[in-house]
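Engineer: The structure follows.
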Amino acid sequence: MKINTMKKSAMAAVVMLGLVVAPVAATVALAQDPAPAAASGGLVDAKTGKAVDGTPDKTKKGGGFFDIVFGSGVLGAILWLALFLDGVAAIYFTVDCFILIKPEKLMPASLVNNVQSAMAEGDVMKALKVCESEPSAMSNILSTAFQHVEDGYDVIQEAVNGAADLETERLMQRLTWISVCSNLGPSLGLLGTVQGMILTFQALSQGGAGDASALASSIGQALWTTAGGLCVSIPSITVFYSLRNKANRLIMRMTALTMELLKGLRHVEVLDESQEPTA
């Protein structure tokens with residue numbers, strides 16, 4: 001069981017990493033500079049970097065992804081570090097939730113079978129002990145129901161619904177971190193965009209309208225940080241809603257299964273404390 005869990009966790013991590021890294025890698029590949037032309041307008045040998053006529057190529061290189069990252073200043077470097085950490089956190093919480101939100105984790109088959117056997121025997125205390133020995137979301141709901149056996153079936157049903165809502169809230173608290181990472185990505189990207197625009201207008205105010213490389217570098221910083229934020233946000237928000245819907249479905253299954261296991265208590269009579277049992 002542990003080996004299968006590790007394999008599934010590794011697969012989930014690889015998939016999420018691919019979703020985050022693949023768009024960046026594709027964009028980097030598209031952003032590579034083509035073979036530059038020589039100052040004289042001739043073709044350039046891609047290996048030697050020289051023009052066909054033997055003169056060195058004077059065309060400047062730059063503007064690629066790594067040039068943007070390492071040439072964007074201290075604030076830009078901090079933004080890229082924050083984007084990287086945001087992506088790592090999104091992967092971590094995604095793997096964690098993939099491991100957590102599974103039927104075998106939330107509602108183990110052994111728990112259901114043992115409780116079903118105990119209820120078939122009419123032994124509520126035995127069923128309660130089974131729940132205590134196998135802690136899970138399902139056992140928490142069942143334990144809450146068994147603790148209200150003496151209060152009647154209507155009270156049991158209300159207790160089950162309340163316990164199910166509580167388990168849903170617990171799962172949502174774990175899933176919310178994926179949503180936080182997905183919201184941070186565009187926000188960090190927007191901050192990088194603002195920084196790039198500020199640098200662009202600073203260059204223009206200092207008479208840099210003729211320096212195309214400086215303007216391109218500033219605008220590139222703005223666009224690249226936006227792209228980085230979206231590369232983190234899009235997979236994260238997709239995973240969040242997928243896992244959220246899966247968690248809701250499992251909670252509904254657990255609630256229905258709990259009521260099915262407790263249907264034998266539907267006709268239990270509740271004795272009023274003021275009434276004395278008849279001999």
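Labeling convention for the structure tokens: chains A, B, ... as they appear, residues from 1 per chain, ligands from 1 in order of appearance.
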Find the spatial neighbours of Ile237 in chain A, counting only C-alpha atoms, within a cut-off of 12 Å - ignore same-chain residues fewer than 6 positions away - and output them as number ranges by chain.
Structural biologist: A: 16, 19-20, 90-91, 94, 175-186, 230-231, 243-244
Engineer: Residues near range 125-128 of chain A, anyone? I mean within 8 Å using only C-alpha atoms, not counting same-chain ones fewer than 5 positions away, as a PyMOL selection string.
Structural biologist: chain A and resi 114-116+118-119+142-143+146
Engineer: Keeping N, CA and C atoms, export the residues of the selection given above as a compact mmCIF listing (two decimals), in the first residue's frame.
Structural biologist:
```
# COMPACT_ATOMS: atom_id res chain seq x y z
N ASN A 114 -16.14 -3.65 8.63
CA ASN A 114 -16.22 -3.96 10.06
C ASN A 114 -17.42 -3.31 10.73
N VAL A 115 -17.71 -2.06 10.36
CA VAL A 115 -18.88 -1.39 10.92
C VAL A 115 -20.16 -2.07 10.46
N GLN A 116 -20.18 -2.49 9.21
CA GLN A 116 -21.36 -3.17 8.67
C GLN A 116 -21.60 -4.49 9.41
N ALA A 118 -20.62 -5.17 12.51
CA ALA A 118 -21.04 -4.85 13.87
C ALA A 118 -22.50 -4.42 13.90
N MET A 119 -22.94 -3.65 12.92
CA MET A 119 -24.33 -3.21 12.89
C MET A 119 -25.27 -4.36 12.57
N LEU A 142 -19.19 8.53 11.38
CA LEU A 142 -19.87 7.42 12.03
C LEU A 142 -19.85 7.56 13.55
N SER A 143 -18.69 7.97 14.09
CA SER A 143 -18.59 8.13 15.54
C SER A 143 -19.59 9.16 16.05
N PHE A 146 -22.99 7.49 16.13
CA PHE A 146 -23.15 6.51 17.20
C PHE A 146 -23.28 7.18 18.57
```
Engineer: Determine the nearest neighbour of Arg249 in chain A from the options A:Ile101, A:Leu85, A:Val95, A:Leu223, counting only C-alpha atoms.
Structural biologist: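 Selected residue with least distance to Arg249 in chain A: A:Ile101.
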Engineer: Please list as a list in words every residue within 12 Å of Lys246 in chain A, counting only C-alpha atoms and excluding residues in the same chain fewer than 6 positions away.
Structural biologist: Cys97, Phe98, Leu100, Ile101, Lys102, Pro103, Leu106, Thr168, Leu171, Met172, Leu175, Val239, Phe240, Met252 and Arg253 of chain A
Engineer: Hey, can you check how far CA of Val194 in chain A sits from CA of Ala82 in chain A?
Structural biologist: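 Going from CA of Val194 in chain A over to CA of Ala82 in chain A covers 15.7 Å.
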Engineer: Which residues are close to Glu169 in chain A, i.e. within 12 Å by only C-alpha atoms, leaving aside same-chain residues fewer than 4 positions away? Reply as a PDB file with C-alpha atoms, in the first residue's frame.
Structural biologist:
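So the final result, stored in selection-v4.pdb, reads:
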```pdb
ATOM      1  CA  ALA A 137     -13.162  11.143   7.753  1.00  0.00           C
ATOM      2  CA  GLY A 162     -23.128  18.404  10.756  1.00  0.00           C
ATOM      3  CA  ALA A 163     -20.156  16.021  10.879  1.00  0.00           C
ATOM      4  CA  ALA A 164     -20.100  15.829   7.066  1.00  0.00           C
ATOM      5  CA  ASP A 165     -20.006  19.629   6.860  1.00  0.00           C
ATOM      6  CA  GLN A 173      -8.800  24.196   4.308  1.00  0.00           C
ATOM      7  CA  ARG A 174      -6.163  21.974   2.711  1.00  0.00           C
ATOM      8  CA  LEU A 175      -7.397  22.667  -0.814  1.00  0.00           C
ATOM      9  CA  THR A 176      -7.532  26.412  -0.251  1.00  0.00           C
ATOM     10  CA  ARG A 244     -12.705  20.269  -4.780  1.00  0.00           C
ATOM     11  CA  ALA A 247     -13.858  15.943  -2.325  1.00  0.00           C
ATOM     12  CA  ASN A 248     -17.512  17.012  -2.418  1.00  0.00           C
ATOM     13  CA  ILE A 251     -18.283  13.528   1.260  1.00  0.00           C
TER      14      ILE A 251
END
```
